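Source file: entry16.txt; contents: compact mmCIF, C-alpha atoms.
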# COMPACT_ATOMS: atom_id res chain seq x y z
CA MET A 1 115.34 87.06 89.07
CA ILE A 2 114.70 88.36 92.57
CA ARG A 3 115.41 91.94 91.46
CA ARG A 4 113.08 91.55 88.50
CA SER A 5 110.30 90.19 90.72
CA LEU A 6 110.81 92.98 93.22
CA ALA A 7 110.75 95.57 90.45
CA ILE A 8 107.48 94.16 89.08
CA LEU A 9 105.96 94.20 92.55
CA LEU A 10 107.09 97.76 93.24
CA ILE A 11 105.71 98.98 89.91
CA SER A 12 102.39 97.21 90.59
CA LEU A 13 102.19 98.70 94.07
CA SER A 14 103.01 102.20 92.81
CA ALA A 15 100.39 101.96 90.08
CA ILE A 16 97.77 100.87 92.61
CA LEU A 17 98.57 103.68 95.03
CA LEU A 18 98.67 106.29 92.27
CA SER A 19 95.34 105.21 90.83
CA ALA A 20 93.77 105.27 94.30
CA ALA A 21 95.14 108.75 94.98
CA ALA A 22 93.94 110.01 91.60
CA ALA A 23 90.46 108.67 92.24
CA VAL A 24 90.35 110.35 95.65
CA THR A 25 91.25 113.76 94.27
CA ALA A 26 88.83 113.39 91.37
CA VAL A 27 85.77 113.11 93.57
CA ASP A 28 83.39 116.03 93.47
CA SER A 29 82.61 117.67 96.78
CA SER A 30 78.88 118.14 96.32
CA ARG A 31 76.32 115.79 97.80
CA TRP A 32 72.73 115.76 96.60
CA GLU A 33 73.24 117.16 93.10
CA HIS A 34 74.80 113.85 92.09
CA VAL A 35 71.87 111.77 93.27
CA PRO A 36 70.23 110.18 90.22
CA ALA A 37 66.68 111.40 89.64
CA LYS A 38 65.33 107.89 90.14
CA ASP A 39 66.91 107.62 93.58
CA HIS A 40 66.00 111.20 94.51
CA ALA A 41 62.34 110.44 93.85
CA ARG A 42 62.21 107.33 95.99
CA ALA A 43 60.06 107.50 99.10
CA ASN A 44 60.87 105.58 102.26
CA PRO A 45 58.82 102.37 102.02
CA LEU A 46 58.95 102.06 105.82
CA ALA A 47 57.86 105.63 106.57
CA ALA A 48 54.38 104.50 107.57
CA GLN A 49 55.70 101.99 110.11
CA SER A 50 55.91 103.53 113.55
CA GLU A 51 58.61 101.09 114.69
CA ALA A 52 60.92 101.93 111.77
CA ALA A 53 62.46 104.91 113.60
CA THR A 54 62.93 102.83 116.76
CA ALA A 55 64.72 100.12 114.80
CA GLY A 56 66.67 102.78 112.93
CA ALA A 57 67.86 104.20 116.25
CA LEU A 58 69.46 100.85 117.09
CA VAL A 59 71.09 100.60 113.67
CA TYR A 60 72.31 104.18 114.10
CA ARG A 61 73.76 103.32 117.50
CA ASP A 62 75.61 100.32 116.10
CA HIS A 63 77.04 101.90 112.97
CA CYS A 64 76.73 105.69 112.90
CA GLN A 65 77.02 106.90 116.48
CA GLN A 66 80.78 106.35 116.71
CA CYS A 67 81.32 109.24 114.31
CA HIS A 68 78.15 111.33 114.41
CA LYS A 69 77.74 110.98 118.20
CA ALA A 70 74.74 109.86 120.23
CA ASN A 71 72.97 113.19 119.74
CA ALA A 72 73.69 113.09 115.98
CA ARG A 73 75.38 116.48 116.16
CA GLY A 74 78.76 115.21 114.99
CA ASP A 75 82.01 116.71 116.17
CA GLY A 76 81.66 120.06 114.46
CA HIS A 77 84.54 119.31 112.12
CA ARG A 78 84.88 116.39 109.75
CA ARG A 79 81.93 114.51 111.17
CA PRO A 80 78.94 116.66 110.39
CA SER A 81 75.78 117.11 112.38
CA LEU A 82 72.85 115.11 111.09
CA ARG A 83 70.39 117.56 112.62
CA SER A 84 70.90 120.08 109.89
CA GLU A 85 69.25 121.97 107.10
CA ARG A 86 71.11 119.80 104.62
CA ILE A 87 69.36 116.68 105.94
CA ARG A 88 65.99 118.42 106.20
CA ALA A 89 66.30 119.57 102.59
CA ALA A 90 67.15 116.12 101.28
CA SER A 91 64.55 113.65 100.11
CA ASP A 92 64.37 110.21 101.71
CA GLY A 93 65.83 108.83 98.51
CA ASP A 94 68.77 111.27 98.67
CA ILE A 95 69.70 110.10 102.16
CA GLU A 96 69.34 106.40 101.36
CA TRP A 97 71.45 106.89 98.24
CA PHE A 98 74.12 108.68 100.23
CA LEU A 99 74.18 105.97 102.90
CA ARG A 100 74.62 103.38 100.15
CA GLN A 101 77.32 105.33 98.33
CA GLY A 102 79.19 106.91 101.21
CA ASP A 103 81.81 109.52 100.52
CA LEU A 104 85.02 107.56 100.83
CA ALA A 105 87.24 110.49 99.98
CA ARG A 106 85.87 112.42 102.97
CA GLY A 107 85.81 109.53 105.40
CA MET A 108 82.17 108.45 105.13
CA PRO A 109 82.06 104.67 104.53
CA SER A 110 79.68 103.11 102.08
CA TRP A 111 76.87 101.31 103.89
CA SER A 112 75.82 99.24 100.92
CA SER A 113 76.74 96.26 103.09
CA LEU A 114 73.77 96.99 105.34
CA PRO A 115 70.51 95.43 104.18
CA GLN A 116 68.43 97.99 102.33
CA ALA A 117 65.63 97.78 104.89
CA GLN A 118 68.05 98.87 107.61
CA ARG A 119 69.17 101.86 105.57
CA TRP A 120 65.54 102.93 105.25
CA GLN A 121 65.15 102.46 109.01
CA VAL A 122 68.07 104.81 109.54
CA VAL A 123 66.41 107.32 107.21
CA ALA A 124 63.24 107.06 109.33
CA TYR A 125 65.28 107.64 112.47
CA LEU A 126 67.05 110.68 111.01
CA ARG A 127 63.71 112.15 110.01
CA SER A 128 62.41 111.61 113.55
CA ILE A 129 65.19 113.63 115.18
CA GLN A 130 65.04 116.74 112.98
CA MET B 131 85.66 64.63 116.02
CA LEU B 132 85.87 68.30 116.92
CA SER B 133 86.22 67.70 120.64
CA ILE B 134 89.04 65.18 120.08
CA LEU B 135 90.72 67.64 117.76
CA PHE B 136 90.52 70.41 120.35
CA ARG B 137 91.78 68.19 123.19
CA LYS B 138 94.70 66.81 121.25
CA VAL B 139 95.77 69.92 119.48
CA PHE B 140 95.24 72.92 121.67
CA ARG B 141 97.68 73.93 124.31
CA PRO B 142 97.57 76.94 126.60
CA GLY B 143 99.41 79.15 124.11
CA CYS B 144 96.81 78.53 121.46
CA TRP B 145 93.93 79.16 123.81
CA LEU B 146 95.57 82.39 124.86
CA ALA B 147 95.79 83.55 121.26
CA LEU B 148 92.21 82.50 120.57
CA CYS B 149 90.78 84.10 123.68
CA LEU B 150 92.89 87.26 123.86
CA PRO B 151 90.22 89.45 122.27
CA ILE B 152 87.72 88.30 124.92
CA MET B 153 89.96 89.64 127.66
CA ILE B 154 90.12 93.07 126.09
CA PRO B 155 87.02 95.17 126.71
CA ALA B 156 85.34 95.60 123.37
CA ILE B 157 83.26 98.69 122.76
CA GLY B 158 82.42 98.45 119.13
CA ARG B 159 80.44 96.23 116.84
CA ALA B 160 81.92 94.16 114.11
CA GLN B 161 79.58 93.65 111.16
CA ASP B 162 81.75 92.08 108.48
CA LYS B 163 80.69 89.14 106.46
CA PRO B 164 81.70 85.72 107.75
CA TYR B 165 84.09 84.90 104.90
CA PHE B 166 87.32 83.18 105.86
CA VAL B 167 89.13 83.17 102.52
CA THR B 168 87.11 85.45 100.26
CA TYR B 169 87.27 89.23 100.59
CA SER B 170 84.35 91.50 99.84
CA HIS B 171 84.70 95.23 99.18
CA ASP B 172 83.80 96.06 102.79
CA LEU B 173 86.68 97.90 104.39
CA GLU B 174 87.20 98.76 108.03
CA GLU B 175 85.54 102.01 109.06
CA PRO B 176 88.17 104.77 109.29
CA GLY B 177 89.77 104.94 112.73
CA ASN B 178 88.40 101.57 113.85
CA LEU B 179 90.51 98.60 114.86
CA GLU B 180 89.20 95.07 114.50
CA ILE B 181 90.90 92.16 116.20
CA GLU B 182 89.96 88.79 114.85
CA THR B 183 91.24 85.28 115.27
CA LYS B 184 90.76 82.89 112.39
CA THR B 185 91.41 79.29 113.36
CA ALA B 186 91.64 76.32 111.00
CA LEU B 187 91.29 72.80 112.38
CA ALA B 188 92.14 69.87 110.13
CA ARG B 189 93.96 66.61 109.72
CA PRO B 190 95.93 66.00 106.52
CA ASP B 191 96.38 62.43 105.22
CA GLY B 192 99.54 61.00 106.77
CA GLY B 193 99.73 63.82 109.31
CA ASN B 194 98.39 64.70 112.72
CA ASN B 195 95.48 66.83 113.81
CA TYR B 196 96.40 70.47 113.89
CA GLY B 197 94.97 73.83 114.80
CA ALA B 198 96.38 76.98 113.22
CA THR B 199 95.36 80.47 114.27
CA ALA B 200 95.89 83.76 112.50
CA MET B 201 95.36 86.79 114.71
CA GLU B 202 94.34 89.69 112.54
CA LEU B 203 94.69 93.35 113.51
CA GLU B 204 92.74 95.36 110.97
CA TYR B 205 92.77 99.15 110.98
CA GLY B 206 90.75 101.55 108.87
CA THR B 207 93.39 104.02 107.76
CA ARG B 208 90.96 105.79 105.44
CA ALA B 209 87.46 104.97 104.28
CA TRP B 210 89.07 103.67 101.07
CA TRP B 211 92.18 102.07 102.62
CA THR B 212 92.45 99.30 105.21
CA THR B 213 95.70 97.94 106.53
CA GLU B 214 96.14 94.65 108.40
CA LEU B 215 98.73 92.74 110.34
CA TYR B 216 98.42 89.00 110.79
CA LEU B 217 100.30 86.98 113.40
CA ASP B 218 100.24 83.26 112.66
CA GLY B 219 100.81 80.23 114.84
CA GLN B 220 99.88 76.59 114.95
CA ALA B 221 99.80 73.54 117.18
CA THR B 222 100.11 70.04 115.79
CA GLY B 223 99.11 67.02 117.83
CA GLY B 224 102.09 64.88 118.81
CA ASP B 225 104.43 67.55 117.51
CA SER B 226 104.80 71.15 118.72
CA THR B 227 103.20 74.57 119.09
CA ILE B 228 105.01 77.29 117.18
CA PHE B 229 104.79 80.84 115.90
CA THR B 230 104.87 80.62 112.13
CA GLY B 231 105.22 84.20 110.95
CA TRP B 232 103.46 87.41 110.03
CA ARG B 233 101.78 89.10 107.11
CA LEU B 234 101.16 92.74 106.31
CA GLU B 235 98.41 93.58 103.89
CA ASN B 236 96.71 96.62 102.43
CA ARG B 237 93.38 96.86 100.67
CA LEU B 238 92.52 99.88 98.54
CA ARG B 239 89.26 100.87 96.91
CA PRO B 240 90.12 102.88 93.79
CA LEU B 241 86.54 103.99 93.09
CA MET B 242 84.97 106.34 95.60
CA ARG B 243 81.38 105.40 94.85
CA ASP B 244 79.46 102.16 95.06
CA HIS B 245 78.98 100.43 91.71
CA ALA B 246 77.40 97.24 90.43
CA VAL B 247 80.85 95.65 90.74
CA ASN B 248 83.32 97.21 93.14
CA PRO B 249 87.03 96.55 92.64
CA VAL B 250 89.49 96.47 95.52
CA PHE B 251 93.26 96.11 95.15
CA TYR B 252 94.95 93.90 97.69
CA VAL B 253 98.71 93.88 98.30
CA GLU B 254 100.32 91.62 100.90
CA TYR B 255 103.80 90.73 102.07
CA GLU B 256 104.23 87.46 103.96
CA ASN B 257 107.15 86.47 106.14
CA THR B 258 106.23 82.97 107.24
CA SER B 259 107.82 79.59 107.70
CA GLY B 260 106.90 76.43 105.81
CA ALA B 261 105.08 75.30 108.95
CA ASP B 262 102.35 77.91 108.52
CA LYS B 263 99.03 76.09 108.31
CA THR B 264 96.52 78.90 108.56
CA ILE B 265 95.54 78.31 104.89
CA LEU B 266 94.03 81.74 104.45
CA GLU B 267 94.21 81.13 100.73
CA PHE B 268 95.16 78.38 98.31
CA THR B 269 97.38 79.09 95.35
CA GLY B 270 99.42 77.12 92.84
CA HIS B 271 99.61 73.45 93.68
CA ASP B 272 99.15 73.79 97.44
CA SER B 273 98.04 70.41 98.75
CA GLN B 274 97.35 68.61 101.99
CA ALA B 275 100.78 66.93 101.72
CA ASP B 276 102.34 70.35 102.55
CA LEU B 277 100.43 70.32 105.83
CA ALA B 278 101.63 66.85 106.87
CA VAL B 279 105.33 67.77 107.10
CA PRO B 280 106.59 67.67 110.73
CA ASN B 281 107.05 71.13 112.25
CA GLY B 282 110.77 70.67 112.88
CA GLU B 283 111.38 70.13 109.20
CA ALA B 284 108.79 72.53 107.79
CA ARG B 285 109.90 75.52 109.87
CA LYS B 286 113.35 75.42 108.28
CA GLN B 287 111.79 76.71 105.09
CA HIS B 288 111.38 80.49 105.08
CA GLN B 289 108.84 82.09 102.81
CA HIS B 290 109.10 85.70 101.77
CA GLU B 291 106.10 86.08 99.55
CA ALA B 292 104.20 88.86 97.91
CA GLU B 293 100.57 88.42 97.08
CA LEU B 294 98.31 90.48 94.89
CA LYS B 295 94.57 90.10 94.68
CA LEU B 296 91.91 91.67 92.57
CA ILE B 297 88.73 91.70 94.63
CA LEU B 298 85.45 92.20 92.80
CA SER B 299 82.40 92.51 94.97
CA SER B 300 78.75 93.42 94.57
CA ASN B 301 75.93 94.09 96.97
CA LEU B 302 72.77 93.09 95.16
CA ARG B 303 69.76 93.86 97.31
CA ASP B 304 70.68 92.04 100.52
CA TRP B 305 73.09 89.62 98.89
CA ASN B 306 76.84 90.02 98.69
CA VAL B 307 78.64 88.31 95.84
CA SER B 308 82.43 88.46 95.85
CA GLU B 309 85.12 87.09 93.57
CA ASN B 310 88.87 87.18 94.24
CA PHE B 311 91.63 86.55 91.74
CA ILE B 312 94.88 85.74 93.51
CA THR B 313 98.49 85.73 92.41
CA GLU B 314 101.37 84.97 94.74
CA LYS B 315 105.12 85.04 94.27
CA ASP B 316 107.85 83.79 96.52
CA LEU B 317 110.56 86.41 96.26
CA SER B 318 113.17 83.73 95.73
CA HIS B 319 113.43 81.71 92.52
CA ALA B 320 109.87 80.46 92.37
CA PRO B 321 107.02 80.75 89.89
CA TRP B 322 104.00 83.00 90.14
CA GLU B 323 101.15 81.02 91.64
CA PHE B 324 97.49 81.58 91.00
CA GLY B 325 94.31 80.95 92.93
CA TYR B 326 90.73 82.04 93.33
CA ALA B 327 88.05 82.51 95.94
CA ALA B 328 84.38 83.33 95.52
CA GLY B 329 81.57 83.66 97.99
CA VAL B 330 78.01 84.70 98.55
CA THR B 331 76.31 85.76 101.79
CA ARG B 332 73.00 87.12 102.96
CA PRO B 333 71.60 88.13 106.37
CA LEU B 334 68.80 85.84 107.49
CA ARG B 335 66.58 88.88 108.04
CA SER B 336 66.87 92.24 106.33
CA ALA B 337 65.09 94.68 108.61
CA ALA B 338 66.23 95.31 112.18
CA SER B 339 63.66 94.19 114.72
CA GLY B 340 63.89 97.33 116.82
CA ARG B 341 64.64 95.53 120.06
CA GLU B 342 67.79 94.28 121.74
CA CYS B 343 68.19 90.62 120.92
CA THR B 344 70.88 87.99 120.61
CA PHE B 345 69.20 85.17 118.74
CA CYS B 346 66.99 87.09 116.31
CA ALA B 347 67.45 86.34 112.63
CA GLU B 348 68.99 89.70 111.70
CA LYS B 349 72.01 88.80 113.85
CA PHE B 350 72.89 85.89 111.55
CA ILE B 351 74.52 85.95 108.12
CA ALA B 352 74.69 82.75 106.09
CA GLY B 353 76.39 81.90 102.86
CA ALA B 354 79.04 79.80 101.17
CA GLU B 355 82.45 80.23 99.65
CA ALA B 356 84.60 78.24 97.23
CA TYR B 357 88.34 78.55 96.89
CA GLY B 358 91.32 76.77 95.42
CA GLY B 359 94.57 76.85 93.46
CA LEU B 360 94.96 77.34 89.72
CA GLY B 361 98.54 76.22 89.16
CA ASP B 362 101.58 78.38 88.51
CA THR B 363 103.66 79.75 85.66
CA PHE B 364 105.75 76.55 85.56
CA SER B 365 102.68 74.36 85.40
CA LEU B 366 99.56 76.28 84.52
CA THR B 367 97.09 73.52 85.13
CA THR B 368 94.54 72.57 87.74
CA ARG B 369 96.06 69.11 88.06
CA ASP B 370 97.11 68.37 91.66
CA THR B 371 95.45 71.50 92.97
CA SER B 372 93.19 71.88 96.01
CA HIS B 373 89.61 73.04 95.80
CA TYR B 374 87.06 73.52 98.55
CA ILE B 375 83.44 74.37 99.06
CA ALA B 376 82.49 75.76 102.46
CA PRO B 377 79.16 76.84 103.93
CA LEU B 378 79.41 79.84 106.27
CA ILE B 379 77.48 81.16 109.22
CA GLY B 380 78.18 84.38 111.10
CA TRP B 381 76.55 85.44 114.36
CA GLN B 382 76.62 88.97 115.74
CA LEU B 383 77.05 88.49 119.48
CA PRO B 384 76.37 91.04 122.21
CA LYS B 385 79.12 93.44 123.31
CA GLY B 386 80.50 93.89 119.84
CA ALA B 387 81.68 90.38 119.16
CA ARG B 388 81.16 88.32 116.04
CA LEU B 389 81.48 84.57 115.81
CA SER B 390 81.77 82.76 112.51
CA PHE B 391 82.04 79.13 111.57
CA SER B 392 82.67 77.28 108.37
CA PRO B 393 83.13 73.59 107.64
CA GLY B 394 85.09 73.24 104.39
CA PHE B 395 84.95 70.16 102.21
CA GLY B 396 87.78 69.19 99.89
CA LEU B 397 86.79 68.45 96.30
CA THR B 398 90.00 66.88 94.97
CA GLY B 399 92.55 64.32 96.12
CA ALA B 400 95.06 67.06 96.90
CA SER B 401 92.57 68.78 99.23
CA LEU B 402 92.05 68.17 102.91
CA ALA B 403 88.97 66.01 103.33
CA ARG B 404 87.56 68.54 105.82
CA VAL B 405 88.73 71.77 107.37
CA TYR B 406 86.80 73.48 110.15
CA ARG B 407 87.22 77.20 110.56
CA VAL B 408 86.23 79.30 113.53
CA GLY B 409 86.48 83.08 113.68
CA LEU B 410 86.02 85.45 116.60
CA ALA B 411 86.13 89.19 116.03
CA PHE B 412 85.90 92.35 118.11
CA GLU B 413 85.83 95.86 116.78
CA PHE B 414 87.19 98.84 118.68
CA GLU B 415 85.72 102.12 117.59
CA GLN B 416 87.73 105.21 116.76
CA VAL B 417 91.02 103.99 118.17
CA GLY B 418 92.76 107.01 116.64
CA ASN B 419 90.75 109.25 118.97
CA TRP B 420 92.21 107.53 122.02
CA PHE B 421 95.59 108.98 121.10
CA HIS B 422 94.18 112.36 120.11
CA ALA B 423 92.49 112.59 123.50
CA ALA B 424 95.64 111.53 125.32
CA HIS B 425 97.50 114.40 123.69
CA GLY B 426 94.77 116.94 124.22
CA GLY B 427 93.64 116.86 120.60
CA ALA B 428 90.16 117.09 119.24
CA GLN B 429 87.83 114.17 119.79

Show me this structure written as structure tokens.
Amino acid sequence: MIRRSLAILLISLSAILLSAAAAVTAVDSSRWEHVPAKDHARANPLAAQSEAATAGALVYRDHCQQCHKANARGDGHRRPSLRSERIRAASDGDIEWFLRQGDLARGMPSWSSLPQAQRWQVVAYLRSIQ
Amino acid sequence: MLSILFRKVFRPGCWLALCLPIMIPAIGRAQDKPYFVTYSHDLEEPGNLEIETKTALARPDGGNNYGATAMELEYGTRAWWTTELYLDGQATGGDSTIFTGWRLENRLRPLMRDHAVNPVFYVEYENTSGADKTILEFTGHDSQADLAVPNGEARKQHQHEAELKLILSSNLRDWNVSENFITEKDLSHAPWEFGYAAGVTRPLRSAASGRECTFCAEKFIAGAEAYGGLGDTFSLTTRDTSHYIAPLIGWQLPKGARLSFSPGFGLTGASLARVYRVGLAFEFEQVGNWFHAAHGGAQ
């Protein structure tokens, strides 16, 4: 009975790990081309608010700075600079979508747990430092 | 009631466990939801270490007041994989203060993008004694009678258990809705036990205020969770099972601390009438880099 239970548990665990690994390798490397048109077209509803970038700076400090650094230039390796052509070329909607989705396979967490308004504030902050 | 419970139950060892994270300089900011039993699909950020104490205070019928603390060390191994170690202990009034065991758990997100419903696989191994009273989940026919057994007797029972959970979680606008389906198996001759947990939370304010503050609404998350047992393979019925409903409040404190509180109310005769839960968490950012730096590696 114990052996049978252990075998079931081991099989379950293996299946979980294999499916996770398969999902990781299946993820496409590109960024903005996967953004749905609807999200791509979205404008930052807080763009007109002058304090949005200030608030976004605090949200950035709390959640993003640990990887992308205080100057938002990243570490030059796996943590990319956010003062880049890639960010400048993206629409507000692209950036908000990417914050919400993350890129788990490459180490970028999903920030869907942040309230949407705070994600837009981060977008405003990133725009302000380009 | 609470003050009497604290005075009677807590001894220096318990206070040490509860306050240990305060003594360690925290540099990060925890931002998890204030669930005590339910899991959402939020994982620890890769490289970060969160230390959290989850304390349950209760008094079972026919037993003494007790306080049980689980110290949780949660590390973000990858953005899609979090691993945790729990160290459990408890103090029972008029009885003793004891270490009751440890748990090792892993949570894995199989889908790399955010969806309407996000699944997470949870795998845990528990090596605890029968005196463990942290009640981090309810399964099978767990009841308050299990918590009234004197420590000397209860600790003779050793539990080597495996637990699997399917976590389904959604972030809908600013709301989080999470459902957990739990199955647990003692690795000895014992049936599979089943349980559930479900919760909903929302920050009191969505947008950040743009100024440093401690008491502003965006620092608070409120919600509720419900959890309980669903019987086992020997007796697949909800008869004699425990069920609870528990409001939640979480407060993001300065210096990277998070305090959460939840009074739980038992809904059946097998449930504790009330259980108070207190959580205190600190997050340490990019712990992996500390070691890289020490060995001359890249930051």

Practice task
Counting all atoms listed in the file, note down every residue that has an atom within 9 Å of the point (78.7, 82.1, 112.3) (file coordinates), as a PyMOL selection string.
Solution key: chain B and resi 164+350-352+378-382+388-392+408-409

Exercise for the section: Return the single residue from A:Ser112, A:Gln130, A:Asn44, A:Ser81 that is closest to chain B, with distances computed using all atoms listed in the file. Expected result: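 With all atoms listed in the file as the atom set, the closest residue is A:Ser112.
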
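Relative to CA of Thr371 (chain B), CA of Thr398 (chain B) is found at 7.4 Å.
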
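CA of Gly282 (chain B) is found 13.9 Å from CA of Gly219 (chain B).
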
Starting from the point (85.5, 71.3, 112.2), work out which residues of protein, DNA or RNA have an atom no more than 8 Å away when counting only C-alpha atoms; state them as a JSON list (two decimals) with C-alpha atoms, in the frame of the given file.
[["chain", "number", "residue", "atom", "x", "y", "z"],
["B", 131, "MET", "CA", 85.66, 64.63, 116.02],
["B", 132, "LEU", "CA", 85.87, 68.30, 116.92],
["B", 187, "LEU", "CA", 91.29, 72.80, 112.38],
["B", 188, "ALA", "CA", 92.14, 69.87, 110.13],
["B", 392, "SER", "CA", 82.67, 77.28, 108.37],
["B", 393, "PRO", "CA", 83.13, 73.59, 107.64],
["B", 404, "ARG", "CA", 87.56, 68.54, 105.82],
["B", 405, "VAL", "CA", 88.73, 71.77, 107.37],
["B", 406, "TYR", "CA", 86.80, 73.48, 110.15],
["B", 407, "ARG", "CA", 87.22, 77.20, 110.56]]

Would you give me, as a PDB file with C-alpha atoms, in the coordinates of the input, the residues of chain B that come within 9 Å of chain A, using only C-alpha atoms?
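Below is the file that was written, iface35.pdb:
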ATOM      1  CA  GLY B 158      82.420  98.450 119.130  1.00  0.00           C
ATOM      2  CA  ARG B 159      80.440  96.230 116.840  1.00  0.00           C
ATOM      3  CA  GLN B 161      79.580  93.650 111.160  1.00  0.00           C
ATOM      4  CA  ASP B 162      81.750  92.080 108.480  1.00  0.00           C
ATOM      5  CA  LYS B 163      80.690  89.140 106.460  1.00  0.00           C
ATOM      6  CA  HIS B 171      84.700  95.230  99.180  1.00  0.00           C
ATOM      7  CA  ASP B 172      83.800  96.060 102.790  1.00  0.00           C
ATOM      8  CA  LEU B 173      86.680  97.900 104.390  1.00  0.00           C
ATOM      9  CA  GLU B 174      87.200  98.760 108.030  1.00  0.00           C
ATOM     10  CA  GLU B 175      85.540 102.010 109.060  1.00  0.00           C
ATOM     11  CA  PRO B 176      88.170 104.770 109.290  1.00  0.00           C
ATOM     12  CA  ARG B 208      90.960 105.790 105.440  1.00  0.00           C
ATOM     13  CA  ALA B 209      87.460 104.970 104.280  1.00  0.00           C
ATOM     14  CA  TRP B 210      89.070 103.670 101.070  1.00  0.00           C
ATOM     15  CA  LEU B 238      92.520  99.880  98.540  1.00  0.00           C
ATOM     16  CA  ARG B 239      89.260 100.870  96.910  1.00  0.00           C
ATOM     17  CA  PRO B 240      90.120 102.880  93.790  1.00  0.00           C
ATOM     18  CA  LEU B 241      86.540 103.990  93.090  1.00  0.00           C
ATOM     19  CA  MET B 242      84.970 106.340  95.600  1.00  0.00           C
ATOM     20  CA  ARG B 243      81.380 105.400  94.850  1.00  0.00           C
ATOM     21  CA  ASP B 244      79.460 102.160  95.060  1.00  0.00           C
ATOM     22  CA  HIS B 245      78.980 100.430  91.710  1.00  0.00           C
ATOM     23  CA  PHE B 251      93.260  96.110  95.150  1.00  0.00           C
ATOM     24  CA  VAL B 253      98.710  93.880  98.300  1.00  0.00           C
ATOM     25  CA  ALA B 292     104.200  88.860  97.910  1.00  0.00           C
ATOM     26  CA  LEU B 294      98.310  90.480  94.890  1.00  0.00           C
ATOM     27  CA  ASN B 301      75.930  94.090  96.970  1.00  0.00           C
ATOM     28  CA  LEU B 302      72.770  93.090  95.160  1.00  0.00           C
ATOM     29  CA  ARG B 303      69.760  93.860  97.310  1.00  0.00           C
ATOM     30  CA  ASP B 304      70.680  92.040 100.520  1.00  0.00           C
ATOM     31  CA  TRP B 305      73.090  89.620  98.890  1.00  0.00           C
ATOM     32  CA  ASN B 306      76.840  90.020  98.690  1.00  0.00           C
ATOM     33  CA  LYS B 315     105.120  85.040  94.270  1.00  0.00           C
ATOM     34  CA  ASP B 316     107.850  83.790  96.520  1.00  0.00           C
ATOM     35  CA  LEU B 317     110.560  86.410  96.260  1.00  0.00           C
ATOM     36  CA  SER B 318     113.170  83.730  95.730  1.00  0.00           C
ATOM     37  CA  HIS B 319     113.430  81.710  92.520  1.00  0.00           C
ATOM     38  CA  ARG B 332      73.000  87.120 102.960  1.00  0.00           C
ATOM     39  CA  PRO B 333      71.600  88.130 106.370  1.00  0.00           C
ATOM     40  CA  ARG B 335      66.580  88.880 108.040  1.00  0.00           C
ATOM     41  CA  SER B 336      66.870  92.240 106.330  1.00  0.00           C
ATOM     42  CA  ALA B 337      65.090  94.680 108.610  1.00  0.00           C
ATOM     43  CA  ALA B 338      66.230  95.310 112.180  1.00  0.00           C
ATOM     44  CA  SER B 339      63.660  94.190 114.720  1.00  0.00           C
ATOM     45  CA  GLY B 340      63.890  97.330 116.820  1.00  0.00           C
ATOM     46  CA  ARG B 341      64.640  95.530 120.060  1.00  0.00           C
ATOM     47  CA  GLU B 342      67.790  94.280 121.740  1.00  0.00           C
ATOM     48  CA  GLY B 386      80.500  93.890 119.840  1.00  0.00           C
ATOM     49  CA  GLU B 415      85.720 102.120 117.590  1.00  0.00           C
ATOM     50  CA  GLN B 416      87.730 105.210 116.760  1.00  0.00           C
ATOM     51  CA  ALA B 428      90.160 117.090 119.240  1.00  0.00           C
ATOM     52  CA  GLN B 429      87.830 114.170 119.790  1.00  0.00           C
TER      53      GLN B 429
END

Exercise for the section: Rounded to one decimal place, report the CA of Asp39 (chain A)-CA of Pro249 (chain B) distance in Å. Expected result: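 So the answer is 23.0 Å.
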
Handout entry: Minimum-distance residue to Glu348 (chain B), chosen among B:Ile297, B:Ala376, B:Leu383, B:Thr168 (using only C-alpha atoms)
Key =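 Going through B:Ile297, B:Ala376, B:Leu383, B:Thr168 one by one, the smallest distance to Glu348 (chain B) is for B:Leu383.
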
Please produce region 384-391 of chain B, completed to N, CA and C atoms, as a short mmCIF file (atom, residue, chain, number, x, y, z; two decimals), keeping the file's coordinate frame.
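Result went into rebuild_10.cif, see below:
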data_model
loop_
_atom_site.label_atom_id
_atom_site.label_comp_id
_atom_site.auth_asym_id
_atom_site.auth_seq_id
_atom_site.Cartn_x
_atom_site.Cartn_y
_atom_site.Cartn_z
N PRO B 384 76.41 89.79 121.44
CA PRO B 384 76.37 91.04 122.21
C PRO B 384 77.77 91.56 122.50
N LYS B 385 77.87 92.79 122.94
CA LYS B 385 79.12 93.44 123.31
C LYS B 385 80.13 93.50 122.16
N GLY B 386 79.62 93.63 120.96
CA GLY B 386 80.50 93.89 119.84
C GLY B 386 81.32 92.74 119.33
N ALA B 387 80.91 91.53 119.64
CA ALA B 387 81.68 90.38 119.16
C ALA B 387 80.98 89.74 117.97
N ARG B 388 81.73 89.07 117.16
CA ARG B 388 81.16 88.32 116.04
C ARG B 388 81.82 86.96 115.98
N LEU B 389 80.99 85.94 115.88
CA LEU B 389 81.48 84.57 115.81
C LEU B 389 81.13 84.03 114.44
N SER B 390 82.08 83.35 113.81
CA SER B 390 81.77 82.76 112.51
C SER B 390 82.32 81.34 112.46
N PHE B 391 81.66 80.54 111.67
CA PHE B 391 82.04 79.13 111.57
C PHE B 391 81.84 78.64 110.15
#
